[in-house]
Each structure stands twice: as structure tokens, then as C-alpha cells.
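Structure file data30.cif; described as mmCIF, C-alpha atoms.
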```
data_my_file
#
loop_
_atom_site.group_PDB
_atom_site.id
_atom_site.type_symbol
_atom_site.label_atom_id
_atom_site.label_comp_id
_atom_site.auth_asym_id
_atom_site.auth_seq_id
_atom_site.Cartn_x
_atom_site.Cartn_y
_atom_site.Cartn_z
ATOM 1 C CA MET A 716 -109.381 3.095 117.907
ATOM 2 C CA ASN A 717 -110.971 -0.310 117.801
ATOM 3 C CA LEU A 718 -109.650 -2.297 114.880
ATOM 4 C CA GLN A 719 -109.089 -5.959 114.274
ATOM 5 C CA PRO A 720 -105.484 -7.044 113.991
ATOM 6 C CA GLY A 721 -104.068 -7.539 110.519
ATOM 7 C CA ARG A 722 -104.237 -10.958 109.003
ATOM 8 C CA ILE A 723 -102.729 -12.693 105.988
ATOM 9 C CA ARG A 724 -104.280 -15.838 104.555
ATOM 10 C CA LEU A 725 -102.856 -17.848 101.684
ATOM 11 C CA GLU A 726 -103.706 -21.227 100.263
ATOM 12 C CA ILE A 727 -101.759 -23.594 98.063
ATOM 13 C CA SER A 728 -102.815 -26.834 96.440
ATOM 14 C CA LEU A 729 -100.102 -29.477 96.692
ATOM 15 C CA ARG A 730 -99.934 -32.845 94.968
ATOM 16 C CA HIS A 731 -98.372 -34.404 98.059
ATOM 17 C CA SER A 732 -100.279 -36.199 100.798
ATOM 18 C CA PRO A 733 -100.987 -34.520 104.148
ATOM 19 C CA SER A 734 -98.467 -36.799 105.844
ATOM 20 C CA LYS A 735 -95.712 -35.595 103.510
ATOM 21 C CA VAL A 736 -96.750 -31.986 103.901
ATOM 22 C CA TRP A 737 -96.812 -32.468 107.664
ATOM 23 C CA ARG A 738 -93.207 -33.701 107.520
ATOM 24 C CA ILE A 739 -92.010 -30.699 105.546
ATOM 25 C CA LEU A 740 -93.680 -28.450 108.131
ATOM 26 C CA THR A 741 -92.474 -30.176 111.277
ATOM 27 C CA VAL A 742 -89.132 -31.920 110.717
ATOM 28 C CA PRO A 743 -86.513 -29.247 111.501
ATOM 29 C CA GLU A 744 -84.137 -30.254 108.685
ATOM 30 C CA LYS A 745 -87.002 -30.229 106.168
ATOM 31 C CA LEU A 746 -88.389 -26.962 107.484
ATOM 32 C CA GLU A 747 -84.969 -25.429 107.020
ATOM 33 C CA THR A 748 -84.860 -26.327 103.323
ATOM 34 C CA TRP A 749 -87.680 -23.926 102.461
ATOM 35 C CA TRP A 750 -87.672 -21.466 105.336
ATOM 36 C CA ALA A 751 -84.952 -21.086 107.953
ATOM 37 C CA PRO A 752 -82.754 -23.012 110.389
ATOM 38 C CA ASN A 753 -84.760 -23.832 113.478
ATOM 39 C CA ASP A 754 -85.009 -25.990 116.575
ATOM 40 C CA PHE A 755 -88.678 -26.786 116.162
ATOM 41 C CA VAL A 756 -90.273 -29.498 118.317
ATOM 42 C CA ALA A 757 -93.826 -30.592 117.512
ATOM 43 C CA GLN A 758 -95.078 -30.392 121.070
ATOM 44 C CA VAL A 759 -97.563 -27.894 122.462
ATOM 45 C CA GLY A 760 -95.941 -25.354 124.771
ATOM 46 C CA LYS A 761 -92.407 -25.893 123.443
ATOM 47 C CA ARG A 762 -90.391 -22.793 122.722
ATOM 48 C CA PHE A 763 -88.224 -22.742 119.607
ATOM 49 C CA HIS A 764 -86.497 -20.347 117.236
ATOM 50 C CA PHE A 765 -86.138 -19.559 113.607
ATOM 51 C CA ASP A 766 -82.637 -18.348 112.922
ATOM 52 C CA MET A 767 -83.215 -15.754 110.240
ATOM 53 C CA GLY A 768 -79.561 -14.981 109.620
ATOM 54 C CA PRO A 769 -78.776 -11.279 109.794
ATOM 55 C CA TRP A 770 -82.346 -10.643 111.026
ATOM 56 C CA GLY A 771 -81.674 -12.554 114.194
ATOM 57 C CA LYS A 772 -83.427 -15.348 116.007
ATOM 58 C CA GLN A 773 -87.196 -15.188 116.036
ATOM 59 C CA HIS A 774 -88.724 -16.514 119.235
ATOM 60 C CA CYS A 775 -91.666 -18.820 118.813
ATOM 61 C CA LYS A 776 -93.868 -21.096 120.891
ATOM 62 C CA VAL A 777 -95.915 -24.078 119.740
ATOM 63 C CA LEU A 778 -99.661 -23.547 120.240
ATOM 64 C CA VAL A 779 -101.392 -26.378 118.357
ATOM 65 C CA VAL A 780 -100.174 -29.778 117.141
ATOM 66 C CA ASP A 781 -102.856 -31.845 115.449
ATOM 67 C CA PRO A 782 -100.820 -34.212 113.242
ATOM 68 C CA GLU A 783 -101.501 -33.944 109.535
ATOM 69 C CA ARG A 784 -104.302 -31.459 110.223
ATOM 70 C CA LYS A 785 -103.229 -28.350 112.062
ATOM 71 C CA LEU A 786 -100.084 -26.680 113.360
ATOM 72 C CA ALA A 787 -99.855 -23.285 115.027
ATOM 73 C CA TYR A 788 -97.151 -21.282 116.757
ATOM 74 C CA THR A 789 -96.425 -17.770 117.880
ATOM 75 C CA PHE A 790 -93.990 -16.004 115.604
ATOM 76 C CA ALA A 791 -91.434 -13.305 116.455
ATOM 77 C CA GLU A 792 -92.386 -12.772 120.078
ATOM 78 C CA GLY A 793 -91.272 -9.369 121.279
ATOM 79 C CA SER A 794 -91.182 -7.781 117.826
ATOM 80 C CA LEU A 795 -93.976 -8.687 115.444
ATOM 81 C CA ASP A 796 -95.854 -10.753 118.045
ATOM 82 C CA THR A 797 -97.866 -12.668 115.513
ATOM 83 C CA THR A 798 -99.273 -16.171 115.099
ATOM 84 C CA VAL A 799 -98.720 -18.585 112.225
ATOM 85 C CA THR A 800 -101.283 -21.342 111.635
ATOM 86 C CA TRP A 801 -101.025 -24.117 109.054
ATOM 87 C CA THR A 802 -104.121 -26.106 108.167
ATOM 88 C CA LEU A 803 -103.927 -29.239 106.014
ATOM 89 C CA ARG A 804 -106.950 -30.645 104.221
ATOM 90 C CA PRO A 805 -106.926 -33.767 102.036
ATOM 91 C CA ASP A 806 -107.525 -32.826 98.423
ATOM 92 C CA GLY A 807 -107.753 -35.946 96.264
ATOM 93 C CA GLN A 808 -104.295 -37.525 96.527
ATOM 94 C CA GLY A 809 -102.887 -34.198 97.551
ATOM 95 C CA THR A 810 -103.294 -31.514 100.181
ATOM 96 C CA LEU A 811 -104.859 -28.125 100.370
ATOM 97 C CA LEU A 812 -102.510 -26.188 102.618
ATOM 98 C CA GLU A 813 -103.695 -22.999 104.226
ATOM 99 C CA LEU A 814 -101.438 -20.487 105.910
ATOM 100 C CA VAL A 815 -102.794 -17.823 108.222
ATOM 101 C CA HIS A 816 -100.402 -15.258 109.635
ATOM 102 C CA GLU A 817 -102.263 -12.992 112.001
ATOM 103 C CA GLY A 818 -101.944 -10.644 114.915
ATOM 104 C CA PHE A 819 -100.185 -7.820 113.108
ATOM 105 C CA ASP A 820 -100.853 -5.272 115.791
ATOM 106 C CA LEU A 821 -102.414 -2.117 114.476
ATOM 107 C CA ASP A 822 -101.433 -0.379 117.701
ATOM 108 C CA SER A 823 -97.755 -1.275 117.338
ATOM 109 C CA PRO A 824 -95.246 1.511 116.648
ATOM 110 C CA MET A 825 -94.955 0.266 113.068
ATOM 111 C CA ALA A 826 -98.661 0.482 112.414
ATOM 112 C CA LYS A 827 -98.908 3.816 114.225
ATOM 113 C CA ALA A 828 -96.179 5.136 111.975
ATOM 114 C CA ALA A 829 -98.186 3.990 109.012
ATOM 115 C CA PHE A 830 -101.304 5.764 110.210
ATOM 116 C CA ASP A 831 -99.638 8.927 111.471
ATOM 117 C CA GLY A 832 -97.709 9.257 108.242
ATOM 118 C CA MET A 833 -100.913 9.800 106.336
ATOM 119 C CA SER A 834 -102.163 13.288 105.848
ATOM 120 C CA ASN A 835 -105.569 12.435 104.424
ATOM 121 C CA GLY A 836 -107.940 9.787 103.251
ATOM 122 C CA TRP A 837 -109.187 8.031 106.343
ATOM 123 C CA PRO A 838 -112.257 6.520 104.696
ATOM 124 C CA GLU A 839 -110.208 5.161 101.852
ATOM 125 C CA VAL A 840 -107.699 3.732 104.255
ATOM 126 C CA LEU A 841 -110.343 2.040 106.357
ATOM 127 C CA GLU A 842 -111.851 0.584 103.242
ATOM 128 C CA ARG A 843 -108.523 -0.803 102.182
ATOM 129 C CA LEU A 844 -107.909 -2.054 105.669
ATOM 130 C CA ALA A 845 -111.234 -3.872 105.673
ATOM 131 C CA LYS A 846 -110.271 -5.490 102.370
ATOM 132 C CA THR A 847 -106.930 -6.557 103.794
ATOM 133 C CA LEU A 848 -108.638 -8.124 106.778
ATOM 134 C CA GLU A 849 -111.182 -9.866 104.598
ATOM 135 C CA ASP A 850 -108.887 -11.717 102.249
ATOM 136 C CA MET B 235 -83.172 -15.659 101.965
ATOM 137 C CA SER B 236 -83.520 -12.358 100.231
ATOM 138 C CA THR B 237 -81.868 -9.416 101.947
ATOM 139 C CA THR B 238 -84.801 -7.247 100.944
ATOM 140 C CA ASP B 239 -87.239 -8.896 103.338
ATOM 141 C CA VAL B 240 -89.455 -6.370 105.020
ATOM 142 C CA PHE B 241 -90.076 -9.113 107.501
ATOM 143 C CA GLY B 242 -86.532 -9.256 108.726
ATOM 144 C CA ALA B 243 -86.144 -5.520 108.396
ATOM 145 C CA LEU B 244 -88.917 -4.878 110.908
ATOM 146 C CA ALA B 245 -87.945 -7.669 113.266
ATOM 147 C CA ASN B 246 -85.055 -5.663 114.682
ATOM 148 C CA PRO B 247 -85.698 -3.055 117.422
ATOM 149 C CA VAL B 248 -82.895 -0.728 116.287
ATOM 150 C CA ARG B 249 -84.325 -0.655 112.776
ATOM 151 C CA ARG B 250 -87.790 0.072 114.094
ATOM 152 C CA GLU B 251 -86.357 2.982 116.087
ATOM 153 C CA ILE B 252 -84.547 4.277 113.035
ATOM 154 C CA LEU B 253 -87.835 4.196 111.136
ATOM 155 C CA GLU B 254 -89.493 6.111 113.953
ATOM 156 C CA MET B 255 -86.737 8.726 113.699
ATOM 157 C CA VAL B 256 -86.968 9.233 109.961
ATOM 158 C CA ARG B 257 -90.757 9.255 110.153
ATOM 159 C CA MET B 258 -90.670 12.502 112.185
ATOM 160 C CA ARG B 259 -88.309 14.121 109.715
ATOM 161 C CA SER B 260 -85.513 13.169 107.370
ATOM 162 C CA ARG B 261 -82.188 12.569 109.085
ATOM 163 C CA THR B 262 -78.553 12.412 108.100
ATOM 164 C CA ALA B 263 -76.615 9.187 108.549
ATOM 165 C CA GLY B 264 -74.602 10.934 111.270
ATOM 166 C CA GLU B 265 -77.685 11.993 113.222
ATOM 167 C CA ILE B 266 -79.052 8.489 113.116
ATOM 168 C CA ALA B 267 -75.749 6.925 114.157
ATOM 169 C CA ALA B 268 -75.445 9.373 117.075
ATOM 170 C CA ALA B 269 -78.784 8.219 118.466
ATOM 171 C CA PHE B 270 -77.576 4.661 118.983
ATOM 172 C CA ASP B 271 -74.630 3.231 120.854
ATOM 173 C CA VAL B 272 -74.189 0.227 118.589
ATOM 174 C CA GLY B 273 -71.486 1.873 116.475
ATOM 175 C CA ARG B 274 -71.629 3.539 113.111
ATOM 176 C CA PRO B 275 -70.887 0.475 110.942
ATOM 177 C CA ALA B 276 -73.773 -1.368 112.602
ATOM 178 C CA VAL B 277 -76.106 1.572 111.991
ATOM 179 C CA SER B 278 -74.973 1.737 108.354
ATOM 180 C CA GLU B 279 -75.844 -1.911 108.008
ATOM 181 C CA HIS B 280 -79.292 -1.346 109.497
ATOM 182 C CA LEU B 281 -79.865 1.556 107.097
ATOM 183 C CA GLN B 282 -78.857 -0.638 104.209
ATOM 184 C CA VAL B 283 -81.352 -3.298 105.289
ATOM 185 C CA LEU B 284 -84.131 -0.703 105.579
ATOM 186 C CA ARG B 285 -83.246 0.703 102.184
ATOM 187 C CA LEU B 286 -83.276 -2.710 100.489
ATOM 188 C CA ALA B 287 -86.619 -3.468 102.107
ATOM 189 C CA GLY B 288 -88.012 -0.293 100.562
ATOM 190 C CA LEU B 289 -88.686 1.325 103.920
ATOM 191 C CA VAL B 290 -86.261 4.250 103.680
ATOM 192 C CA ARG B 291 -84.856 6.230 100.789
ATOM 193 C CA GLU B 292 -81.282 7.477 100.656
ATOM 194 C CA GLU B 293 -80.313 10.844 99.205
ATOM 195 C CA ALA B 294 -76.818 12.239 98.752
ATOM 196 C CA LYS B 295 -76.583 15.869 99.861
ATOM 197 C CA GLY B 296 -73.051 17.106 99.404
ATOM 198 C CA ARG B 297 -70.936 14.818 101.544
ATOM 199 C CA GLN B 298 -73.884 13.819 103.678
ATOM 200 C CA ARG B 299 -76.277 10.991 103.170
ATOM 201 C CA VAL B 300 -79.833 11.849 104.152
ATOM 202 C CA TYR B 301 -82.496 9.257 104.887
ATOM 203 C CA HIS B 302 -86.193 9.742 104.255
ATOM 204 C CA MET B 303 -89.094 7.532 105.056
ATOM 205 C CA ASP B 304 -90.026 5.753 101.856
ATOM 206 C CA ALA B 305 -93.687 6.377 101.181
ATOM 207 C CA SER B 306 -93.886 3.314 98.985
ATOM 208 C CA GLY B 307 -92.861 1.092 101.867
ATOM 209 C CA LEU B 308 -94.961 2.252 104.731
ATOM 210 C CA VAL B 309 -97.503 4.890 103.914
ATOM 211 C CA GLU B 310 -100.644 2.958 104.590
ATOM 212 C CA LEU B 311 -101.359 -0.013 106.701
ATOM 213 C CA SER B 312 -102.852 -2.119 103.964
ATOM 214 C CA ASP B 313 -99.677 -1.519 102.009
ATOM 215 C CA TRP B 314 -97.727 -2.474 105.064
ATOM 216 C CA LEU B 315 -99.042 -6.020 104.873
ATOM 217 C CA VAL B 316 -98.382 -6.434 101.159
ATOM 218 C CA PRO B 317 -94.681 -7.267 101.536
ATOM 219 C CA PHE B 318 -95.601 -9.922 104.087
ATOM 220 C CA ARG B 319 -97.958 -11.525 101.604
ATOM 221 C CA LYS B 320 -95.194 -11.501 99.020
ATOM 222 C CA TYR B 321 -92.848 -13.002 101.545
ATOM 223 C CA TRP B 322 -95.218 -15.868 102.248
ATOM 224 C CA LYS B 323 -95.920 -16.502 98.587
ATOM 225 C CA GLN B 324 -92.203 -16.981 98.079
ATOM 226 C CA ARG B 325 -91.965 -19.256 101.097
ATOM 227 C CA LEU B 326 -94.874 -21.391 99.883
ATOM 228 C CA LYS B 327 -93.212 -21.749 96.493
ATOM 229 C CA SER B 328 -90.051 -22.900 98.242
ATOM 230 C CA LEU B 329 -92.109 -25.320 100.310
ATOM 231 C CA GLU B 330 -93.595 -26.864 97.180
ATOM 232 C CA LYS B 331 -90.161 -27.152 95.634
ATOM 233 C CA ALA B 332 -88.808 -28.764 98.796
ATOM 234 C CA LEU B 333 -91.642 -31.312 98.689
ATOM 235 C CA ASP B 334 -90.918 -32.120 95.055
ATOM 236 C CA GLU B 335 -87.268 -32.686 95.858
ATOM 237 C CA GLU B 336 -87.957 -34.678 99.005
ATOM 238 C CA PHE B 337 -90.696 -36.848 97.527
ATOM 239 C CA PRO B 338 -90.219 -36.927 93.748
#
```

For this file, produce the structure as C-alpha cells.
Amino acid sequence: MNLQPGRIRLEISLRHSPSKVWRILTVPEKLETWWAPNDFVAQVGKRFHFDMGPWGKQHCKVLVVDPERKLAYTFAEGSLDTTVTWTLRPDGQGTLLELVHEGFDLDSPMAKAAFDGMSNGWPEVLERLAKTLED
Amino acid sequence: MSTTDVFGALANPVRREILEMVRMRSRTAGEIAAAFDVGRPAVSEHLQVLRLAGLVREEAKGRQRVYHMDASGLVELSDWLVPFRKYWKQRLKSLEKALDEEFP
């Protein structure tokens, strides 16, 4: 089976400048206010964690640091094994912030369960899958 | 953070194994607990997390509790990603709120 990994892409228009958005994404105490406690360091190659309470610590590694433009890290190494990428674009006085969460492995046990659990409808599923990968 | 996160629910290896088990066929709470050496209360907690995330369904059969895979949670792959999208939408809303509070 040769399928692209799953991908989620969302965009939000913020009235705050890229430098402010960058702070909320990279300063650990700020990051915690909207996501989870963490020991993030904005330095490529650094390993850090999100402490997701009862869900445990998610292991991450910084991949890209391009201040006020782009930030990427691995997310949940050893379980979901995905990548999170934030892209900031100036938008008037504000920022267009894009989130891409990708690498949902279609060959993982979770995805296999999803596929095996289906008794019919391959074409429909592939169509839906294509849609999911597109948007 | 919501306790119904599919995200967190899937992040744990024991919970993924439990899902694998109930995918093959429905299982009683006792059967599931016996398959793990983490203790019954811990397994109960995992089952609760899976249930709240909409990944398993609980059914009372006499004195037993039986767990089924919840079709609504994990039938198709495209559906599988939907809860993650929801998760991120919530996070982005929180991010915007945090910005408003930080930089009014």
C-alpha cells in the first residue's frame, strides 16, 4: 500500500504582529498558557517535552527555527511520530498563522485498525482519504 | 485540557494495545485487565480515557462490563483525523485568547 501520510492544515488570522505571535509560540511560559507545560528551547536539534498531564510527556525535537517566520518540531516521538510546523506571514498589522501537523502514519497500528475494521467501501474511503490529504 | 482528547488517548501504548484487543472482538473489563500487568485500577482508567475519547463503547452485561470498539471513533481513516483537527481548532482558539490577554 503506497499512501501519503495524513496531514492536517489549519490557518488563523491574528491581529497581533508576527513578533508577538512568535513569542506566544516559543516562550515556554506563554506556550503553556494555551497548550501545555513544556521545556521548549528555540534551538534546532534541542529535545524538549510537552507535559500533557494524564497523557504523559510527549517527546519532541526542534527541527526549524526561523524567528518570526517558521518553527517546526517533531511531536510525540515513539507514539504518533508526527511533525508540527508553524508558519507566520505578515498580514497588515497582524499575522496569518498556519499550522501543519503531518506524518500521521497510515501504516501505524492505529491506522491499520482503522482500515482493517472496514468491511467495504474501499473506493469511497480512498476518496475521503484524498480529500483529507488535500485540505 | 479536555479529558476527551483523542490525541492524548492514542498517545499511550497501553491504550493503543487495548484498542487493538477490542478491535478483534469485544472484551470484558476483566479480560482486558488480565492482559496487562499494570493493575486493574490503571486499566480501568485507560478504558475511561478511551471511552471519553469516543474510541470504545461500554456495555453492561449482567455484572460484567463489556467493551466494544466504537465505530464512530475509528472506523475510517479520514474520520480518524477529524478529532485531531478539532483538537487543533481548540488550541488555536486558546492561542488567540492567550495573545489577547498577553498583549491587550

Quiz item: What does the distance from CA of Trp801 (chain A) to CA of Asn246 (chain B) come to in Å, to one decimal?
Solution: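 CA of Asn246 (chain B) lies 25.0 Å from CA of Trp801 (chain A).
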
Practice problem: Extract, using all atoms listed in the file, all DNA, RNA and protein residues at most 8 Å from region 279-283 of chain B, discarding same-chain residues fewer than 2 positions from it, and format them as a ChimeraX atom specification. | Solution: /B:237-238,243,248-249,275-277,285-287,290

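Our summary of the geometry notes that CA of Met303 (chain B) is positioned 5.6 Å from CA of Val256 (chain B).
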
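Counting only C-alpha atoms, the residue from A:Ala757, A:Ala787, A:Val736, A:Val742 that sits nearest to chain B is A:Val736.
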
Quiz item: Evaluating the PyMOL selection byres ((chain A and resi 767-784) around 10) on the displayed file yields which residues, as an MDAnalysis selection string?
Solution: (chainID A and resid 732:738 740:741 750:753 755:766 785:805 810 812) or (chainID B and resid 235 237 239 241:246 279:280 283)

Quiz item: Which is closer to Leu253 (chain B) than all the others in B:Glu265, B:Glu293, B:Asp304, B:Asp271, using all atoms listed in the file?
Solution: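 Among B:Glu265, B:Glu293, B:Asp304, B:Asp271, it is B:Asp304 that comes nearest to Leu253 (chain B).
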
Please provide as a tab-separated table (two decimals) with C-alpha atoms, in the frame of the given file all residues within 12 Å of Met255 (chain B), with the sequence filter that same-chain residues fewer than 2 positions apart are discarded (counting only C-alpha atoms).
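Below you can see result39.tsv, which holds the result:
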```tsv
chain	number	residue	atom	x	y	z
A	824	PRO	CA	-95.25	1.51	116.65
A	825	MET	CA	-94.96	0.27	113.07
A	828	ALA	CA	-96.18	5.14	111.98
B	248	VAL	CA	-82.90	-0.73	116.29
B	249	ARG	CA	-84.32	-0.66	112.78
B	250	ARG	CA	-87.79	0.07	114.09
B	251	GLU	CA	-86.36	2.98	116.09
B	252	ILE	CA	-84.55	4.28	113.04
B	253	LEU	CA	-87.84	4.20	111.14
B	257	ARG	CA	-90.76	9.26	110.15
B	258	MET	CA	-90.67	12.50	112.18
B	259	ARG	CA	-88.31	14.12	109.72
B	260	SER	CA	-85.51	13.17	107.37
B	261	ARG	CA	-82.19	12.57	109.08
B	262	THR	CA	-78.55	12.41	108.10
B	263	ALA	CA	-76.61	9.19	108.55
B	265	GLU	CA	-77.68	11.99	113.22
B	266	ILE	CA	-79.05	8.49	113.12
B	267	ALA	CA	-75.75	6.92	114.16
B	268	ALA	CA	-75.44	9.37	117.08
B	269	ALA	CA	-78.78	8.22	118.47
B	270	PHE	CA	-77.58	4.66	118.98
B	281	LEU	CA	-79.86	1.56	107.10
B	290	VAL	CA	-86.26	4.25	103.68
B	301	TYR	CA	-82.50	9.26	104.89
B	302	HIS	CA	-86.19	9.74	104.26
B	303	MET	CA	-89.09	7.53	105.06
```

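In this model, the gap between CA of Leu289 (chain B) and CA of Leu329 (chain B) comes to 27.1 Å.
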
Practice problem: Quick one: apply the PyMOL selection byres ((chain A and resi 724) around 12) to the file and drop the selected residues here as number ranges by chain. | Solution: A: 721-723, 725-727, 798-802, 812-818, 847-850; B: 315-316, 318-320, 322-323, 326

Quiz prompt | Neighbour list for Thr748 (chain A) as a count of residues only, cut-off 10 Å, only C-alpha atoms, skip fewer than 6 positions in-chain | solution = 7

Please enclose the listed atoms of region 789-802 of chain A in an axis-aligned box, pad each side by 8 Å, and write out the centre and the three edge lengths in Å, rounded to one decimal, as JSON.
```
{"center_x": -97.7, "center_y": -16.9, "center_z": 114.7, "size_x": 28.9, "size_y": 34.3, "size_z": 29.1}
```

Just write region 797-814 of chain A with N, CA and C atoms, as a PDB file, in the first residue's frame, taken from the block above.
```pdb
ATOM      1  N   THR A 797       4.864  12.411  14.699  1.00  0.00           N
ATOM      2  CA  THR A 797       4.376  13.384  13.730  1.00  0.00           C
ATOM      3  C   THR A 797       5.248  14.640  13.783  1.00  0.00           C
ATOM      4  N   THR A 798       4.972  15.566  12.892  1.00  0.00           N
ATOM      5  CA  THR A 798       5.696  16.836  12.859  1.00  0.00           C
ATOM      6  C   THR A 798       4.706  17.987  12.889  1.00  0.00           C
ATOM      7  N   VAL A 799       5.034  19.001  13.700  1.00  0.00           N
ATOM      8  CA  VAL A 799       4.217  20.204  13.782  1.00  0.00           C
ATOM      9  C   VAL A 799       5.018  21.371  13.208  1.00  0.00           C
ATOM     10  N   THR A 800       4.429  22.087  12.267  1.00  0.00           N
ATOM     11  CA  THR A 800       5.113  23.238  11.658  1.00  0.00           C
ATOM     12  C   THR A 800       4.220  24.471  11.736  1.00  0.00           C
ATOM     13  N   TRP A 801       4.783  25.540  12.266  1.00  0.00           N
ATOM     14  CA  TRP A 801       4.077  26.828  12.342  1.00  0.00           C
ATOM     15  C   TRP A 801       4.705  27.772  11.334  1.00  0.00           C
ATOM     16  N   THR A 802       3.881  28.405  10.526  1.00  0.00           N
ATOM     17  CA  THR A 802       4.390  29.397   9.579  1.00  0.00           C
ATOM     18  C   THR A 802       3.668  30.712   9.826  1.00  0.00           C
ATOM     19  N   LEU A 803       4.458  31.796   9.971  1.00  0.00           N
ATOM     20  CA  LEU A 803       3.901  33.113  10.249  1.00  0.00           C
ATOM     21  C   LEU A 803       4.104  33.998   9.020  1.00  0.00           C
ATOM     22  N   ARG A 804       3.033  34.641   8.593  1.00  0.00           N
ATOM     23  CA  ARG A 804       3.140  35.578   7.479  1.00  0.00           C
ATOM     24  C   ARG A 804       2.509  36.896   7.902  1.00  0.00           C
ATOM     25  N   PRO A 805       3.217  38.018   7.643  1.00  0.00           N
ATOM     26  CA  PRO A 805       2.628  39.321   7.979  1.00  0.00           C
ATOM     27  C   PRO A 805       1.328  39.500   7.195  1.00  0.00           C
ATOM     28  N   ASP A 806       0.357  40.084   7.869  1.00  0.00           N
ATOM     29  CA  ASP A 806      -0.970  40.243   7.275  1.00  0.00           C
ATOM     30  C   ASP A 806      -1.483  41.588   7.772  1.00  0.00           C
ATOM     31  N   GLY A 807      -1.147  42.661   7.031  1.00  0.00           N
ATOM     32  CA  GLY A 807      -1.444  44.006   7.525  1.00  0.00           C
ATOM     33  C   GLY A 807      -0.647  44.227   8.803  1.00  0.00           C
ATOM     34  N   GLN A 808      -1.350  44.647   9.874  1.00  0.00           N
ATOM     35  CA  GLN A 808      -0.702  44.806  11.176  1.00  0.00           C
ATOM     36  C   GLN A 808      -0.573  43.454  11.883  1.00  0.00           C
ATOM     37  N   GLY A 809      -1.320  42.513  11.380  1.00  0.00           N
ATOM     38  CA  GLY A 809      -1.402  41.226  12.070  1.00  0.00           C
ATOM     39  C   GLY A 809      -0.584  40.125  11.432  1.00  0.00           C
ATOM     40  N   THR A 810      -1.010  38.890  11.711  1.00  0.00           N
ATOM     41  CA  THR A 810      -0.272  37.714  11.253  1.00  0.00           C
ATOM     42  C   THR A 810      -1.244  36.656  10.753  1.00  0.00           C
ATOM     43  N   LEU A 811      -0.843  36.047   9.651  1.00  0.00           N
ATOM     44  CA  LEU A 811      -1.558  34.865   9.203  1.00  0.00           C
ATOM     45  C   LEU A 811      -0.739  33.681   9.709  1.00  0.00           C
ATOM     46  N   LEU A 812      -1.328  32.929  10.612  1.00  0.00           N
ATOM     47  CA  LEU A 812      -0.594  31.813  11.225  1.00  0.00           C
ATOM     48  C   LEU A 812      -1.115  30.493  10.669  1.00  0.00           C
ATOM     49  N   GLU A 813      -0.177  29.729  10.127  1.00  0.00           N
ATOM     50  CA  GLU A 813      -0.554  28.434   9.571  1.00  0.00           C
ATOM     51  C   GLU A 813       0.032  27.316  10.426  1.00  0.00           C
ATOM     52  N   LEU A 814      -0.789  26.333  10.696  1.00  0.00           N
ATOM     53  CA  LEU A 814      -0.348  25.151  11.421  1.00  0.00           C
ATOM     54  C   LEU A 814      -0.446  23.938  10.491  1.00  0.00           C
TER      55      LEU A 814
END
```
